[in-house]
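Raw contents of target-v1.pdb, PDB, C-alpha atoms:
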ATOM      1  CA  MET A  22      23.140 -21.243 -19.830
ATOM      2  CA  ILE A  23      20.707 -20.462 -17.047
ATOM      3  CA  ALA A  24      20.196 -23.257 -14.518
ATOM      4  CA  LYS A  25      17.204 -25.414 -15.472
ATOM      5  CA  SER A  26      15.738 -25.105 -11.970
ATOM      6  CA  THR A  27      15.861 -21.302 -12.013
ATOM      7  CA  VAL A  28      14.080 -21.160 -15.368
ATOM      8  CA  LYS A  29      11.459 -23.599 -14.110
ATOM      9  CA  LEU A  30      10.940 -21.548 -10.910
ATOM     10  CA  ILE A  31      10.490 -18.333 -12.935
ATOM     11  CA  ASP A  32       8.079 -20.158 -15.217
ATOM     12  CA  GLU A  33       6.082 -21.488 -12.272
ATOM     13  CA  ALA A  34       6.030 -18.088 -10.496
ATOM     14  CA  VAL A  35       4.284 -16.096 -13.239
ATOM     15  CA  ILE A  36       0.787 -17.526 -12.797
ATOM     16  CA  PRO A  37       0.727 -17.332  -8.955
ATOM     17  CA  VAL A  38       1.871 -13.676  -9.158
ATOM     18  CA  MET A  39      -1.009 -12.864 -11.506
ATOM     19  CA  ILE A  40      -3.507 -14.813  -9.388
ATOM     20  CA  LEU A  41      -2.455 -13.007  -6.198
ATOM     21  CA  ILE A  42      -2.659  -9.549  -7.805
ATOM     22  CA  ILE A  43      -6.059 -10.329  -9.349
ATOM     23  CA  ALA A  44      -7.292 -11.704  -5.990
ATOM     24  CA  LYS A  45      -6.211  -8.523  -4.188
ATOM     25  CA  ILE A  46      -7.851  -6.201  -6.742
ATOM     26  CA  SER A  47     -11.028  -8.320  -6.944
ATOM     27  CA  GLY A  48     -11.177  -8.498  -3.138
ATOM     28  CA  LEU A  49     -10.948  -4.712  -2.869
ATOM     29  CA  PHE A  50     -13.612  -4.046  -5.477
ATOM     30  CA  ILE A  51     -16.003  -6.731  -4.212
ATOM     31  CA  VAL A  52     -15.747  -5.393  -0.636
ATOM     32  CA  ASN A  53     -16.177  -1.793  -1.822
ATOM     33  CA  PHE A  54     -19.218  -2.806  -3.845
ATOM     34  CA  LEU A  55     -20.892  -5.108  -1.312
ATOM     35  CA  LEU A  56     -20.273  -2.957   1.756
ATOM     36  CA  LYS A  57     -20.800   0.292  -0.196
ATOM     37  CA  ILE A  58     -17.472   1.720   0.952
ATOM     38  CA  ASP A  59     -16.557   5.151  -0.399
ATOM     39  CA  PHE A  60     -13.183   5.371  -2.088
ATOM     40  CA  THR A  61     -11.344   7.508  -4.587
ATOM     41  CA  THR A  62      -8.922   6.317  -7.234
ATOM     42  CA  ASN A  63      -5.634   8.083  -7.608
ATOM     43  CA  PRO A  64      -4.678   7.592 -11.305
ATOM     44  CA  ARG A  65      -0.933   7.480 -10.675
ATOM     45  CA  GLY A  66      -0.832   6.608  -7.011
ATOM     46  CA  PHE A  67       1.054   3.331  -7.314
ATOM     47  CA  LEU A  68       4.698   3.682  -8.425
ATOM     48  CA  GLY A  69       3.647   6.883 -10.257
ATOM     49  CA  LEU A  70       2.215   4.702 -13.020
ATOM     50  CA  LEU A  71      -0.737   2.605 -11.887
ATOM     51  CA  PRO A  72      -3.939   3.660 -10.134
ATOM     52  CA  SER A  73      -4.285   3.238  -6.386
ATOM     53  CA  ILE A  74      -7.299   3.365  -4.092
ATOM     54  CA  THR A  75      -7.651   5.899  -1.289
ATOM     55  CA  TYR A  76     -10.131   5.701   1.569
ATOM     56  CA  ALA A  77     -11.198   8.820   3.423
ATOM     57  CA  ASN A  78     -12.138   6.858   6.524
ATOM     58  CA  PRO A  79      -9.510   4.695   8.339
ATOM     59  CA  SER A  80     -12.164   2.170   9.458
ATOM     60  CA  ASP A  81     -13.259   1.672   5.816
ATOM     61  CA  TYR A  82      -9.612   1.156   4.872
ATOM     62  CA  ILE A  83      -9.209  -1.506   7.569
ATOM     63  CA  VAL A  84     -12.348  -3.390   6.448
ATOM     64  CA  ALA A  85     -11.272  -3.275   2.777
ATOM     65  CA  GLU A  86      -7.710  -4.358   3.627
ATOM     66  CA  ASN A  87      -8.909  -7.263   5.777
ATOM     67  CA  TYR A  88     -11.241  -8.722   3.183
ATOM     68  CA  SER A  89      -8.916  -8.128   0.219
ATOM     69  CA  ASN A  90      -5.955  -9.681   2.049
ATOM     70  CA  LEU A  91      -8.194 -12.572   3.050
ATOM     71  CA  ALA A  92      -9.129 -13.015  -0.642
ATOM     72  CA  MET A  93      -5.420 -13.051  -1.461
ATOM     73  CA  PHE A  94      -4.760 -15.671   1.206
ATOM     74  CA  ILE A  95      -7.669 -17.833  -0.003
ATOM     75  CA  ALA A  96      -6.223 -17.645  -3.541
ATOM     76  CA  VAL A  97      -2.749 -18.719  -2.408
ATOM     77  CA  ALA A  98      -4.168 -21.439  -0.143
ATOM     78  CA  ALA A  99      -6.231 -22.746  -3.084
ATOM     79  CA  GLY A 100      -3.052 -22.860  -5.167
ATOM     80  CA  VAL A 101      -1.195 -24.846  -2.515
ATOM     81  CA  LEU A 102      -4.192 -27.148  -2.096
ATOM     82  CA  MET A 103      -4.137 -27.821  -5.844
ATOM     83  CA  VAL A 104      -0.434 -28.739  -5.609
ATOM     84  CA  ILE A 105      -1.121 -30.979  -2.581
ATOM     85  CA  ILE A 106      -3.880 -32.805  -4.475
ATOM     86  CA  LYS A 107      -1.575 -33.241  -7.458
ATOM     87  CA  ALA A 108       1.270 -34.417  -5.216
ATOM     88  CA  HIS A 109      -0.881 -37.023  -3.474
ATOM     89  CA  PHE A 110      -3.056 -38.316  -6.270
ATOM     90  CA  LEU A 111      -1.425 -37.325  -9.544
ATOM     91  CA  HIS A 112       2.272 -37.739  -8.740
ATOM     92  CA  GLU A 113       4.007 -39.872 -11.355
ATOM     93  CA  THR A 114       6.085 -41.754  -8.778
ATOM     94  CA  HIS A 115       3.233 -42.949  -6.566
ATOM     95  CA  ILE A 116      -0.022 -42.636  -8.493
ATOM     96  CA  SER A 117      -2.277 -45.678  -8.010
ATOM     97  CA  PRO A 118      -2.034 -47.955 -11.106
ATOM     98  CA  LYS A 119      -5.837 -48.264 -11.357
ATOM     99  CA  PHE A 120      -6.312 -44.509 -11.278
ATOM    100  CA  HIS A 121      -3.480 -44.036 -13.779
ATOM    101  CA  GLN A 122      -5.167 -46.516 -16.138
ATOM    102  CA  LYS A 123      -8.479 -44.652 -15.811
ATOM    103  CA  LEU A 124      -6.759 -41.367 -16.670
ATOM    104  CA  ILE A 125      -5.154 -42.924 -19.753
ATOM    105  CA  LYS A 126      -8.538 -44.277 -20.854
ATOM    106  CA  LEU A 127     -10.073 -40.809 -20.460
ATOM    107  CA  ASN A 128      -7.137 -39.270 -22.320
ATOM    108  CA  LEU A 129      -6.252 -37.257 -19.211
ATOM    109  CA  GLU A 130      -2.706 -38.498 -18.762
ATOM    110  CA  LYS A 131      -1.479 -34.900 -18.956
ATOM    111  CA  LEU A 132      -2.775 -34.448 -15.406
ATOM    112  CA  VAL A 133      -0.061 -36.748 -14.064
ATOM    113  CA  SER A 134       2.913 -34.650 -12.957
ATOM    114  CA  THR A 135       6.605 -35.428 -12.718
ATOM    115  CA  SER A 136       8.510 -34.755  -9.487
ATOM    116  CA  PHE A 137      10.535 -32.024 -11.222
ATOM    117  CA  HIS A 138       7.404 -30.122 -12.241
ATOM    118  CA  LEU A 139       5.524 -30.758  -9.017
ATOM    119  CA  TYR A 140       8.263 -29.791  -6.582
ATOM    120  CA  HIS A 141       9.117 -26.571  -8.399
ATOM    121  CA  GLN A 142       5.439 -25.680  -8.425
ATOM    122  CA  ALA A 143       5.098 -26.638  -4.758
ATOM    123  CA  PHE A 144       8.163 -24.572  -3.819
ATOM    124  CA  ILE A 145       6.792 -21.429  -5.507
ATOM    125  CA  TRP A 146       3.298 -21.801  -4.021
ATOM    126  CA  LEU A 147       4.726 -22.479  -0.558
ATOM    127  CA  VAL A 148       6.954 -19.396  -0.793
ATOM    128  CA  PHE A 149       3.893 -17.307  -1.668
ATOM    129  CA  LEU A 150       1.825 -18.954   1.065
ATOM    130  CA  TRP A 151       4.391 -18.076   3.709
ATOM    131  CA  LEU A 152       5.027 -14.589   2.311
ATOM    132  CA  VAL A 153       1.314 -13.803   2.429
ATOM    133  CA  THR A 154       1.092 -15.276   5.945
ATOM    134  CA  ILE A 155       4.036 -13.129   7.119
ATOM    135  CA  PHE A 156       2.422 -10.119   5.442
ATOM    136  CA  LEU A 157      -0.816 -10.822   7.343
ATOM    137  CA  ILE A 158       1.079 -11.158  10.643
ATOM    138  CA  LEU A 159       2.915  -7.854  10.056
ATOM    139  CA  SER A 160      -0.392  -6.193   9.148
ATOM    140  CA  THR A 161      -1.893  -7.529  12.376
ATOM    141  CA  LEU A 162       1.024  -6.090  14.337
ATOM    142  CA  SER A 163       0.369  -2.747  12.591
ATOM    143  CA  LYS A 164      -3.254  -3.042  13.800
ATOM    144  CA  ILE A 165      -4.622  -3.292  10.252
ATOM    145  CA  MET A 166      -5.552  -6.984  10.023
ATOM    146  CA  TYR A 167      -7.815  -8.792  12.445
ATOM    147  CA  PRO A 168      -5.677 -11.241  14.498
ATOM    148  CA  GLN A 169      -8.189 -14.066  13.873
ATOM    149  CA  ILE A 170      -7.398 -14.023  10.126
ATOM    150  CA  SER A 171      -3.638 -14.157  10.750
ATOM    151  CA  ALA A 172      -4.038 -16.975  13.271
ATOM    152  CA  ILE A 173      -6.081 -19.040  10.798
ATOM    153  CA  ALA A 174      -3.519 -18.261   8.063
ATOM    154  CA  VAL A 175      -0.648 -19.522  10.236
ATOM    155  CA  ILE A 176      -2.541 -22.749  11.053
ATOM    156  CA  ILE A 177      -3.358 -23.366   7.374
ATOM    157  CA  ALA A 178       0.215 -22.551   6.241
ATOM    158  CA  LEU A 179       1.690 -24.932   8.854
ATOM    159  CA  ASN A 180      -0.693 -27.735   7.890
ATOM    160  CA  PHE A 181      -0.186 -27.352   4.154
ATOM    161  CA  SER A 182       3.604 -27.255   4.606
ATOM    162  CA  TRP A 183       3.402 -30.413   6.703
ATOM    163  CA  ILE A 184       1.270 -32.253   4.119
ATOM    164  CA  LEU A 185       3.731 -31.344   1.359
ATOM    165  CA  ALA A 186       6.632 -32.424   3.552
ATOM    166  CA  VAL A 187       4.925 -35.809   3.952
ATOM    167  CA  ASP A 188       4.826 -36.134   0.162
ATOM    168  CA  VAL A 189       8.519 -35.276  -0.117
ATOM    169  CA  GLU A 190       9.242 -37.892   2.564
ATOM    170  CA  LYS A 191       7.264 -40.472   0.584
ATOM    171  CA  GLU A 192       9.256 -39.562  -2.522
ATOM    172  CA  ILE A 193      12.549 -40.011  -0.653
ATOM    173  CA  GLU A 194      11.400 -43.428   0.596
ATOM    174  CA  ILE A 195      10.491 -44.505  -2.940
ATOM    175  CA  ALA A 196      13.916 -43.353  -4.224
ATOM    176  CA  ARG A 197      15.622 -45.237  -1.351
ATOM    177  CA  ASP A 198      13.681 -48.435  -2.110
ATOM    178  CA  LYS A 199      14.748 -48.238  -5.757
ATOM    179  CA  ILE A 200      18.414 -48.141  -4.672
TER     180      ILE A 200
ATOM    181  CA  MET B  11      36.119 -19.963 -21.952
ATOM    182  CA  PHE B  12      36.339 -17.146 -19.385
ATOM    183  CA  LYS B  13      33.862 -15.083 -21.417
ATOM    184  CA  ASN B  14      31.427 -17.982 -21.430
ATOM    185  CA  HIS B  15      31.781 -18.478 -17.708
ATOM    186  CA  LEU B  16      31.182 -14.753 -17.055
ATOM    187  CA  GLN B  17      28.174 -14.756 -19.355
ATOM    188  CA  ASN B  18      26.719 -17.734 -17.488
ATOM    189  CA  THR B  19      27.240 -16.067 -14.135
ATOM    190  CA  ILE B  20      25.578 -12.836 -15.305
ATOM    191  CA  LEU B  21      22.661 -14.736 -16.843
ATOM    192  CA  ASN B  22      22.090 -16.811 -13.711
ATOM    193  CA  PHE B  23      22.370 -13.795 -11.454
ATOM    194  CA  SER B  24      19.839 -11.924 -13.620
ATOM    195  CA  ALA B  25      17.501 -14.921 -13.555
ATOM    196  CA  VAL B  26      17.658 -15.083  -9.748
ATOM    197  CA  LEU B  27      17.008 -11.323  -9.569
ATOM    198  CA  LEU B  28      14.009 -11.730 -11.861
ATOM    199  CA  LEU B  29      12.694 -14.548  -9.691
ATOM    200  CA  GLY B  30      13.139 -12.420  -6.554
ATOM    201  CA  ALA B  31      11.311  -9.506  -8.185
ATOM    202  CA  LEU B  32       8.490 -11.809  -9.271
ATOM    203  CA  VAL B  33       8.114 -13.226  -5.769
ATOM    204  CA  ALA B  34       8.140  -9.781  -4.139
ATOM    205  CA  THR B  35       5.679  -8.199  -6.606
ATOM    206  CA  PRO B  36       2.326  -9.373  -5.143
ATOM    207  CA  ILE B  37       3.292  -8.470  -1.567
ATOM    208  CA  TYR B  38       4.540  -5.032  -2.611
ATOM    209  CA  PHE B  39       1.376  -4.587  -4.639
ATOM    210  CA  ALA B  40      -0.860  -5.684  -1.752
ATOM    211  CA  GLN B  41       0.861  -3.258   0.584
ATOM    212  CA  ASN B  42       0.639  -0.208  -1.663
ATOM    213  CA  ILE B  43      -2.484  -0.516  -3.779
ATOM    214  CA  SER B  44      -4.805   0.917  -1.114
ATOM    215  CA  LYS B  45      -4.181   3.770   1.260
ATOM    216  CA  VAL B  46      -6.093   5.748   3.799
ATOM    217  CA  ALA B  47      -6.149   9.470   3.102
ATOM    218  CA  GLY B  48      -3.839  11.367   5.399
ATOM    219  CA  VAL B  49      -2.116   8.420   7.024
ATOM    220  CA  LYS B  50       0.780   8.199   4.631
ATOM    221  CA  SER B  51       0.731  11.836   3.510
ATOM    222  CA  GLN B  52       2.470  14.710   5.169
ATOM    223  CA  SER B  53       0.888  17.804   6.716
ATOM    224  CA  PRO B  54      -0.606  20.050   3.979
ATOM    225  CA  TYR B  55       0.943  23.211   5.410
ATOM    226  CA  LEU B  56       3.421  24.568   7.891
ATOM    227  CA  LEU B  57       2.489  27.816   9.594
ATOM    228  CA  VAL B  58       5.282  29.793  11.243
ATOM    229  CA  SER B  59       4.144  32.420  13.707
ATOM    230  CA  GLN B  60       5.875  35.803  13.879
ATOM    231  CA  VAL B  61       3.477  37.150  16.489
ATOM    232  CA  GLU B  62       6.309  37.844  18.921
ATOM    233  CA  LYS B  63       7.429  40.664  16.613
ATOM    234  CA  PHE B  64       4.200  42.533  17.305
ATOM    235  CA  PRO B  65       3.867  43.944  20.819
ATOM    236  CA  GLN B  66       0.621  43.248  22.654
ATOM    237  CA  MET B  67      -0.525  40.681  20.118
ATOM    238  CA  VAL B  68      -1.769  37.343  21.464
ATOM    239  CA  LEU B  69      -2.252  34.229  19.358
ATOM    240  CA  THR B  70      -4.608  31.400  20.260
ATOM    241  CA  GLN B  71      -5.080  28.273  18.184
ATOM    242  CA  THR B  72      -7.685  25.510  18.125
ATOM    243  CA  GLU B  73      -6.814  22.901  15.461
ATOM    244  CA  SER B  74      -6.799  24.896  12.184
ATOM    245  CA  GLU B  75      -8.536  27.943  13.675
ATOM    246  CA  TYR B  76      -6.347  30.882  14.594
ATOM    247  CA  SER B  77      -7.303  33.934  16.593
ATOM    248  CA  LEU B  78      -5.169  37.053  17.042
ATOM    249  CA  SER B  79      -6.011  39.652  19.687
ATOM    250  CA  PHE B  80      -4.163  42.979  19.705
ATOM    251  CA  THR B  81      -4.245  46.618  20.747
ATOM    252  CA  LYS B  82      -4.079  49.044  17.876
ATOM    253  CA  GLN B  83      -2.091  52.242  17.522
ATOM    254  CA  ALA B  84      -4.431  53.643  14.860
ATOM    255  CA  GLN B  85      -8.109  53.199  14.011
ATOM    256  CA  LYS B  86      -7.503  51.141  10.910
ATOM    257  CA  GLN B  87      -4.352  49.149  10.962
ATOM    258  CA  ALA B  88      -2.610  46.353   9.074
ATOM    259  CA  TYR B  89       0.046  43.991  10.407
ATOM    260  CA  GLN B  90       2.283  42.532   7.738
ATOM    261  CA  SER B  91       3.751  39.008   7.793
ATOM    262  CA  VAL B  92       2.223  37.903  11.042
ATOM    263  CA  PHE B  93       2.562  34.312   9.811
ATOM    264  CA  ILE B  94       4.605  32.575   7.136
ATOM    265  CA  LEU B  95       2.728  29.764   5.381
ATOM    266  CA  ASN B  96       4.892  27.069   3.853
ATOM    267  CA  ASN B  97       3.826  24.302   1.475
ATOM    268  CA  PRO B  98       5.971  21.338   2.643
ATOM    269  CA  THR B  99       4.526  18.891   0.086
ATOM    270  CA  ASN B 100       5.989  17.920  -3.261
ATOM    271  CA  GLU B 101       3.142  19.403  -5.276
ATOM    272  CA  ALA B 102       1.523  22.810  -5.712
ATOM    273  CA  LYS B 103      -1.350  23.324  -3.277
ATOM    274  CA  THR B 104      -4.213  25.779  -3.026
ATOM    275  CA  TYR B 105      -4.814  27.357   0.360
ATOM    276  CA  GLN B 106      -7.778  29.364   1.510
ATOM    277  CA  ILE B 107      -8.265  31.656   4.479
ATOM    278  CA  LEU B 108     -11.794  31.573   5.854
ATOM    279  CA  ASN B 109     -12.239  34.737   7.907
ATOM    280  CA  ALA B 110     -14.680  34.816  10.792
ATOM    281  CA  SER B 111     -15.422  38.527  10.224
ATOM    282  CA  GLU B 112     -15.738  40.609   7.080
ATOM    283  CA  VAL B 113     -14.394  43.738   8.793
ATOM    284  CA  ASN B 114     -11.174  42.225  10.068
ATOM    285  CA  GLU B 115      -9.353  40.021   7.650
ATOM    286  CA  ALA B 116      -6.337  37.826   7.332
ATOM    287  CA  PHE B 117      -4.957  37.662   3.799
ATOM    288  CA  PHE B 118      -2.091  36.249   1.782
ATOM    289  CA  GLY B 119       0.792  38.569   0.935
ATOM    290  CA  GLU B 120       1.493  42.037   2.263
ATOM    291  CA  ASP B 121      -0.403  44.263  -0.161
ATOM    292  CA  ILE B 122      -3.461  45.790   1.507
ATOM    293  CA  THR B 123      -4.739  47.066  -1.850
ATOM    294  CA  LYS B 124      -4.885  43.526  -3.205
ATOM    295  CA  ILE B 125      -6.337  41.332  -0.501
ATOM    296  CA  GLN B 126      -6.174  37.625  -1.457
ATOM    297  CA  THR B 127      -7.763  34.918   0.632
ATOM    298  CA  LYS B 128      -7.144  32.067  -1.807
ATOM    299  CA  ILE B 129      -3.780  31.269  -3.322
ATOM    300  CA  THR B 130      -1.865  28.457  -4.979
ATOM    301  CA  ILE B 131       1.614  27.901  -3.617
ATOM    302  CA  LEU B 132       4.245  25.875  -5.414
ATOM    303  CA  ALA B 133       5.896  22.894  -3.720
ATOM    304  CA  GLN B 134       8.269  23.865  -0.902
ATOM    305  CA  ALA B 135       7.431  27.584  -1.362
ATOM    306  CA  SER B 136       6.253  30.067   1.279
ATOM    307  CA  ILE B 137       4.008  33.126   1.467
ATOM    308  CA  PRO B 138       3.403  35.630   4.292
ATOM    309  CA  ILE B 139      -0.009  36.056   5.881
ATOM    310  CA  SER B 140      -0.933  39.572   7.009
ATOM    311  CA  ILE B 141      -3.956  40.906   8.870
ATOM    312  CA  ILE B 142      -5.969  44.075   8.523
ATOM    313  CA  SER B 143      -8.301  45.569  11.103
ATOM    314  CA  MET B 144     -10.944  47.944   9.736
ATOM    315  CA  ASN B 145     -12.723  48.163  13.077
ATOM    316  CA  THR B 146     -12.566  51.517  14.872
ATOM    317  CA  ASP B 147     -12.175  49.925  18.319
ATOM    318  CA  SER B 148      -8.811  50.351  20.034
ATOM    319  CA  SER B 149      -8.383  46.631  20.543
ATOM    320  CA  ASP B 150      -9.480  43.988  18.145
ATOM    321  CA  THR B 151      -9.498  40.275  17.241
ATOM    322  CA  VAL B 152      -8.906  38.628  13.875
ATOM    323  CA  ALA B 153     -10.045  35.022  13.662
ATOM    324  CA  PHE B 154      -9.603  32.775  10.662
ATOM    325  CA  ARG B 155      -9.375  29.185   9.559
ATOM    326  CA  LEU B 156      -6.922  27.710   7.046
ATOM    327  CA  GLU B 157      -7.927  25.138   4.476
ATOM    328  CA  ALA B 158      -5.730  23.285   2.018
ATOM    329  CA  ASN B 159      -7.018  21.605  -1.152
TER     330      ASN B 159
END
Could you spell out this file's structure in structure tokens?
Amino acid sequence: MIAKSTVKLIDEAVIPVMILIIAKISGLFIVNFLLKIDFTTNPRGFLGLLPSITYANPSDYIVAENYSNLAMFIAVAAGVLMVIIKAHFLHETHISPKFHQKLIKLNLEKLVSTSFHLYHQAFIWLVFLWLVTIFLILSTLSKIMYPQISAIAVIIALNFSWILAVDVEKEIEIARDKI
Amino acid sequence: MFKNHLQNTILNFSAVLLLGALVATPIYFAQNISKVAGVKSQSPYLLVSQVEKFPQMVLTQTESEYSLSFTKQAQKQAYQSVFILNNPTNEAKTYQILNASEVNEAFFGEDITKIQTKITILAQASIPISIISMNTDSSDTVAFRLEAN
């Protein structure tokens, strides 16, 4: 038997992976289209299987990378924000009774999440948030990303991590009170 | 009992590996999906000079433009294998010599009856470059540029 937590983490990781990849591709194509950047597609440039995009001009590459990585960061930050909202307002252990009643009336009780579901989801999104942030920092050090974007990413990642930590703390307090 | 325990360990290990691969996928993808031409690729050719084998021949180079000045022993003269062109890449490449003059030419190979200025070379293979001077002057210059496609 595979550990329940591992299965849940794999389950929760699939959608963020797809969202991040779609955000990166969409970011690249939107930037290429809006800024009219010339590029060529190499049919088997990525892992010898998938198409990749090649820019003739290094400055075009830097612009496309910056905006597409920013799109990826916005996607991951939106994911974490969704988890934060769920953790604060739709968390089974500390949802306001009035709000819970309203949700039941509207047949939206499914929106209320258990700690098991929420914390696995939060863990996966936080891992992606920090991985993308580290990726942005490394890209900045390689002089590809603008440092402003990385700085903002670090600030957002720190704040979101802190807000989630506050929720975990609240959860621990509730568990302690029950004992 | 032992078999069950081993099976569990293998299953859990595989699950953790799968999770790790899933987590690494978007970052790997983001890093490799776009490239800038030339930055991550190697040089399209390697040109080895053998000019020192030819007395009174001087080579000058400006980027991919090469110029050879020499004193001839005969009116019309060819010099074989002045350079060796190597394709260091992992794919076949087509190279072209763009000569500055139509009288004096640099060409691929060593056969003066079959002058080739465009050739496809297989990965990691080499070909000599020779020059021919049709000018009647006692000293001459052959200038050419190399292009890889």
Between chain A and chain B, at 9 Å or less, what are the per-residue closest atom pairs and their distances in Å? Count only C-alpha atoms, order by chain and rising residue number, and return it as JSON lines.
{"residue": "A:Met22", "atom": "CA", "partner": "B:Asn18", "partner_atom": "CA", "distance": 5.5}
{"residue": "A:Ile23", "atom": "CA", "partner": "B:Asn22", "partner_atom": "CA", "distance": 5.1}
{"residue": "A:Ala24", "atom": "CA", "partner": "B:Asn22", "partner_atom": "CA", "distance": 6.8}
{"residue": "A:Thr27", "atom": "CA", "partner": "B:Ala25", "partner_atom": "CA", "distance": 6.8}
{"residue": "A:Val28", "atom": "CA", "partner": "B:Ala25", "partner_atom": "CA", "distance": 7.3}
{"residue": "A:Leu30", "atom": "CA", "partner": "B:Leu29", "partner_atom": "CA", "distance": 7.3}
{"residue": "A:Ile31", "atom": "CA", "partner": "B:Leu29", "partner_atom": "CA", "distance": 5.5}
{"residue": "A:Ala34", "atom": "CA", "partner": "B:Leu32", "partner_atom": "CA", "distance": 6.9}
{"residue": "A:Val35", "atom": "CA", "partner": "B:Leu32", "partner_atom": "CA", "distance": 7.2}
{"residue": "A:Pro37", "atom": "CA", "partner": "B:Pro36", "partner_atom": "CA", "distance": 9.0}
{"residue": "A:Val38", "atom": "CA", "partner": "B:Pro36", "partner_atom": "CA", "distance": 5.9}
{"residue": "A:Met39", "atom": "CA", "partner": "B:Pro36", "partner_atom": "CA", "distance": 8.0}
{"residue": "A:Leu41", "atom": "CA", "partner": "B:Pro36", "partner_atom": "CA", "distance": 6.1}
{"residue": "A:Ile42", "atom": "CA", "partner": "B:Pro36", "partner_atom": "CA", "distance": 5.7}
{"residue": "A:Lys45", "atom": "CA", "partner": "B:Ala40", "partner_atom": "CA", "distance": 6.5}
{"residue": "A:Ile46", "atom": "CA", "partner": "B:Ile43", "partner_atom": "CA", "distance": 8.4}
{"residue": "A:Leu49", "atom": "CA", "partner": "B:Ser44", "partner_atom": "CA", "distance": 8.5}
{"residue": "A:Gly66", "atom": "CA", "partner": "B:Ile43", "partner_atom": "CA", "distance": 8.0}
{"residue": "A:Phe67", "atom": "CA", "partner": "B:Ile43", "partner_atom": "CA", "distance": 6.3}
{"residue": "A:Leu68", "atom": "CA", "partner": "B:Asn42", "partner_atom": "CA", "distance": 8.8}
{"residue": "A:Leu71", "atom": "CA", "partner": "B:Ile43", "partner_atom": "CA", "distance": 8.9}
{"residue": "A:Pro72", "atom": "CA", "partner": "B:Ile43", "partner_atom": "CA", "distance": 7.7}
{"residue": "A:Ser73", "atom": "CA", "partner": "B:Ile43", "partner_atom": "CA", "distance": 4.9}
{"residue": "A:Ile74", "atom": "CA", "partner": "B:Ser44", "partner_atom": "CA", "distance": 4.6}
{"residue": "A:Thr75", "atom": "CA", "partner": "B:Lys45", "partner_atom": "CA", "distance": 4.8}
{"residue": "A:Tyr76", "atom": "CA", "partner": "B:Val46", "partner_atom": "CA", "distance": 4.6}
{"residue": "A:Ala77", "atom": "CA", "partner": "B:Ala47", "partner_atom": "CA", "distance": 5.1}
{"residue": "A:Asn78", "atom": "CA", "partner": "B:Val46", "partner_atom": "CA", "distance": 6.7}
{"residue": "A:Pro79", "atom": "CA", "partner": "B:Val46", "partner_atom": "CA", "distance": 5.8}
{"residue": "A:Asp81", "atom": "CA", "partner": "B:Val46", "partner_atom": "CA", "distance": 8.5}
{"residue": "A:Tyr82", "atom": "CA", "partner": "B:Val46", "partner_atom": "CA", "distance": 5.9}
{"residue": "A:Ile83", "atom": "CA", "partner": "B:Val46", "partner_atom": "CA", "distance": 8.7}
{"residue": "A:Ala85", "atom": "CA", "partner": "B:Ser44", "partner_atom": "CA", "distance": 8.6}
{"residue": "A:Glu86", "atom": "CA", "partner": "B:Ser44", "partner_atom": "CA", "distance": 7.7}
{"residue": "A:Ser89", "atom": "CA", "partner": "B:Ala40", "partner_atom": "CA", "distance": 8.6}
{"residue": "A:Asn90", "atom": "CA", "partner": "B:Ala40", "partner_atom": "CA", "distance": 7.5}
{"residue": "A:Met93", "atom": "CA", "partner": "B:Ala40", "partner_atom": "CA", "distance": 8.7}
{"residue": "A:Ile145", "atom": "CA", "partner": "B:Val33", "partner_atom": "CA", "distance": 8.3}
{"residue": "A:Val148", "atom": "CA", "partner": "B:Val33", "partner_atom": "CA", "distance": 8.0}
{"residue": "A:Phe149", "atom": "CA", "partner": "B:Val33", "partner_atom": "CA", "distance": 7.2}
{"residue": "A:Leu152", "atom": "CA", "partner": "B:Ile37", "partner_atom": "CA", "distance": 7.4}
{"residue": "A:Val153", "atom": "CA", "partner": "B:Ile37", "partner_atom": "CA", "distance": 7.0}
{"residue": "A:Phe156", "atom": "CA", "partner": "B:Ile37", "partner_atom": "CA", "distance": 7.3}
(Q) Under the PyMOL selection byres ((chain A and resi 131-136) around 9), which residues of this model are included? Write them out as a PyMOL selection string. (A) chain A and resi 107-108+110-114+116+121+124-125+128-130+137-141+192
**Q.** Radius query 7 Å about (6.4, 25.7, -1.9), atoms used: only C-alpha atoms, as a list in words
**A.**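 These residues have at least one counted atom within 7 Å: Asn96, Asn97, Pro98, Ala102, Ile131, Leu132, Ala133, Gln134, Ala135 and Ser136 of chain B.
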Would you export the selected residues with C-alpha atoms as a PDB file, in the frame of the given file, please?
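Here's the written file result22.pdb:
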ATOM      1  CA  ASN B  96       4.892  27.069   3.853  1.00  0.00           C
ATOM      2  CA  ASN B  97       3.826  24.302   1.475  1.00  0.00           C
ATOM      3  CA  PRO B  98       5.971  21.338   2.643  1.00  0.00           C
ATOM      4  CA  ALA B 102       1.523  22.810  -5.712  1.00  0.00           C
ATOM      5  CA  ILE B 131       1.614  27.901  -3.617  1.00  0.00           C
ATOM      6  CA  LEU B 132       4.245  25.875  -5.414  1.00  0.00           C
ATOM      7  CA  ALA B 133       5.896  22.894  -3.720  1.00  0.00           C
ATOM      8  CA  GLN B 134       8.269  23.865  -0.902  1.00  0.00           C
ATOM      9  CA  ALA B 135       7.431  27.584  -1.362  1.00  0.00           C
ATOM     10  CA  SER B 136       6.253  30.067   1.279  1.00  0.00           C
TER      11      SER B 136
END
Q: Could you tell me how far CA of Leu78 (chain B) lies from CA of Ile137 (chain B), in Å and to one decimal?
A: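 So the two atoms, CA of Leu78 (chain B) and CA of Ile137 (chain B), lie 18.5 Å apart.
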Q | Output check: residues returned by the PyMOL selection byres ((chain A and resi 99-101) around 9), as number ranges by chain | A | A: 37, 94-98, 102-106, 142-143, 146-147, 150, 181-182
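The gap separating CA of Asp59 (chain A) from CA of Ile165 (chain A) is 18.1 Å, in Å to one decimal.
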